[in-house]
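All remarks here apply to the structure that follows.
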Amino acid sequence: MARKGLIQREKKRQKLEHKYHLIRHSLKNEIRKVTSLSDKWEIYRKLQSPPRNSAPTRLRRRCFATGRPRANYRDFGLSGHRLCEMVHTCLLPGATRSSW
C-alpha cells in the first residue's frame, strides 16, 4: 500500500490540473494563432504562470486498490500484482490465466 501522503498529493495534482486545464488549453491555442515571435514569448510567459503541479505531465496513474504507481493497466485501473491476484481468485470476469 502506498503512503497516504503520496496518494493525497496525487489527488491535489488532479484537482489543480482540472482547475487550470481550460487556461492552458486556451493559451496553447493562442500560441498557434499568433505569428509574431514577441507575442508568442508573452503567451509563453503567461503559460508558465500557473502552478507547476497543474501541468498534466505531473500526473501519475496509480492503482485504484493499492495506490501503487508502477505497472498499471489502464483498462482495469489496477497494478499488475493486484490484477494477477484478482484473476487467480476469479474476480475479473472474462480474464483468464495464461497457461502453456
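FYI, nothing fancy with the C-alpha cells labels: chains A, B, ... in order, residues from 1 per chain, ligands from 1 as they appear.
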
- Task: Write out as a list in words the residues lying within 12 Å of Ser49 in chain A, counting only C-alpha atoms and excluding same-chain residues fewer than 5 positions away.
- Result: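 What passes the distance filter is Tyr20, Ile23, Arg24, Leu27, Glu42, Ile43, Tyr44, Ser54 and Ala55 of chain A.
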
Mind dumping the selected residues with N, CA, C and O atoms as a tab-separated table (two decimals), in the first residue's frame?
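So selection10.tsv came out as:
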```
chain	number	residue	atom	x	y	z
A	20	TYR	N	-6.90	24.30	-13.95
A	20	TYR	CA	-6.17	25.12	-14.91
A	20	TYR	C	-6.19	24.57	-16.34
A	20	TYR	O	-5.51	25.11	-17.22
A	23	ILE	N	-7.42	27.13	-19.00
A	23	ILE	CA	-6.47	28.22	-19.18
A	23	ILE	C	-5.30	27.78	-20.04
A	23	ILE	O	-4.91	28.46	-20.99
A	24	ARG	N	-4.74	26.62	-19.72
A	24	ARG	CA	-3.62	26.10	-20.51
A	24	ARG	C	-4.03	25.84	-21.96
A	24	ARG	O	-3.29	26.15	-22.90
A	27	LEU	N	-4.41	29.18	-23.89
A	27	LEU	CA	-3.11	29.80	-24.17
A	27	LEU	C	-2.37	29.05	-25.28
A	27	LEU	O	-1.73	29.67	-26.14
A	42	GLU	N	5.36	36.37	-25.02
A	42	GLU	CA	4.45	36.87	-23.97
A	42	GLU	C	3.47	35.78	-23.54
A	42	GLU	O	3.19	35.60	-22.36
A	43	ILE	N	2.95	35.06	-24.52
A	43	ILE	CA	1.99	33.99	-24.20
A	43	ILE	C	2.70	32.86	-23.47
A	43	ILE	O	2.15	32.27	-22.53
A	44	TYR	N	3.96	32.57	-23.85
A	44	TYR	CA	4.73	31.55	-23.13
A	44	TYR	C	4.92	31.93	-21.66
A	44	TYR	O	4.87	31.09	-20.77
A	54	SER	N	0.00	21.89	-11.79
A	54	SER	CA	-1.21	21.90	-12.60
A	54	SER	C	-0.96	21.37	-14.01
A	54	SER	O	-1.88	21.25	-14.80
A	55	ALA	N	0.29	21.06	-14.33
A	55	ALA	CA	0.61	20.52	-15.65
A	55	ALA	C	0.19	19.06	-15.74
A	55	ALA	O	0.39	18.29	-14.80
```

- Message: Need to verify the contact set: Pro69 in chain A, 10 Å, only C-alpha atoms, exclusion of same-chain residues closer than 4 positions in sequence. Can you return it as a VMD selection string?
- Response: chain A and resid 2 6 to 7 60 to 64 78 to 79

Residues from the last selection, C-alpha atoms, saved as a compact mmCIF listing (two decimals), in the first residue's frame:
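File written: result_5.txt
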```txt
# COMPACT_ATOMS: atom_id res chain seq x y z
CA ALA A 2 1.33 3.41 -0.94
CA LEU A 6 1.62 10.39 -1.77
CA ILE A 7 -1.93 9.49 -2.72
CA ARG A 60 0.84 9.74 -12.38
CA ARG A 61 -1.60 6.89 -12.85
CA ARG A 62 -1.97 4.84 -9.67
CA CYS A 63 -3.59 1.54 -8.80
CA PHE A 64 -7.20 2.01 -7.73
CA LEU A 78 -5.12 -1.84 -11.27
CA SER A 79 -1.46 -2.69 -10.82
```

- Item | Å distance separating CA of Gly94 in chain A from CA of Ala65 in chain A, one decimal place |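 Going from CA of Gly94 in chain A over to CA of Ala65 in chain A covers 19.6 Å.
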
- Task: For Asn53 in chain A, list every protein, DNA or RNA residue within 7 Å, evaluated using only C-alpha atoms, and leave out those in the same chain fewer than 4 positions away; present the list as a count of residues only.
- Result: 3

- So what do you get for CA of Arg82 in chain A versus CA of Gly67 in chain A, distance-wise? 10.6 Å

- Picked from chain A by DSSP as strand (DSSP E or B), as a list in words: Asn72, Tyr73, Leu78 and Ser79 of chain A

Write the residues of the preceding selection, restricted to N, CA and C atoms, as a PDB file, in the first residue's frame.
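Final output, saved to out_29.pdb:
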```pdb
ATOM      1  N   ASN A  72       0.792  -0.259 -14.000  1.00  0.00           N
ATOM      2  CA  ASN A  72      -0.660  -0.115 -14.021  1.00  0.00           C
ATOM      3  C   ASN A  72      -1.220  -0.437 -15.393  1.00  0.00           C
ATOM      4  N   TYR A  73      -2.364  -1.085 -15.389  1.00  0.00           N
ATOM      5  CA  TYR A  73      -3.082  -1.389 -16.611  1.00  0.00           C
ATOM      6  C   TYR A  73      -4.253  -0.427 -16.727  1.00  0.00           C
ATOM      7  N   LEU A  78      -5.771  -1.074 -12.326  1.00  0.00           N
ATOM      8  CA  LEU A  78      -5.120  -1.841 -11.270  1.00  0.00           C
ATOM      9  C   LEU A  78      -3.658  -2.082 -11.616  1.00  0.00           C
ATOM     10  N   SER A  79      -2.857  -2.321 -10.575  1.00  0.00           N
ATOM     11  CA  SER A  79      -1.462  -2.686 -10.816  1.00  0.00           C
ATOM     12  C   SER A  79      -1.403  -4.150 -11.231  1.00  0.00           C
TER      13      SER A  79
END
```
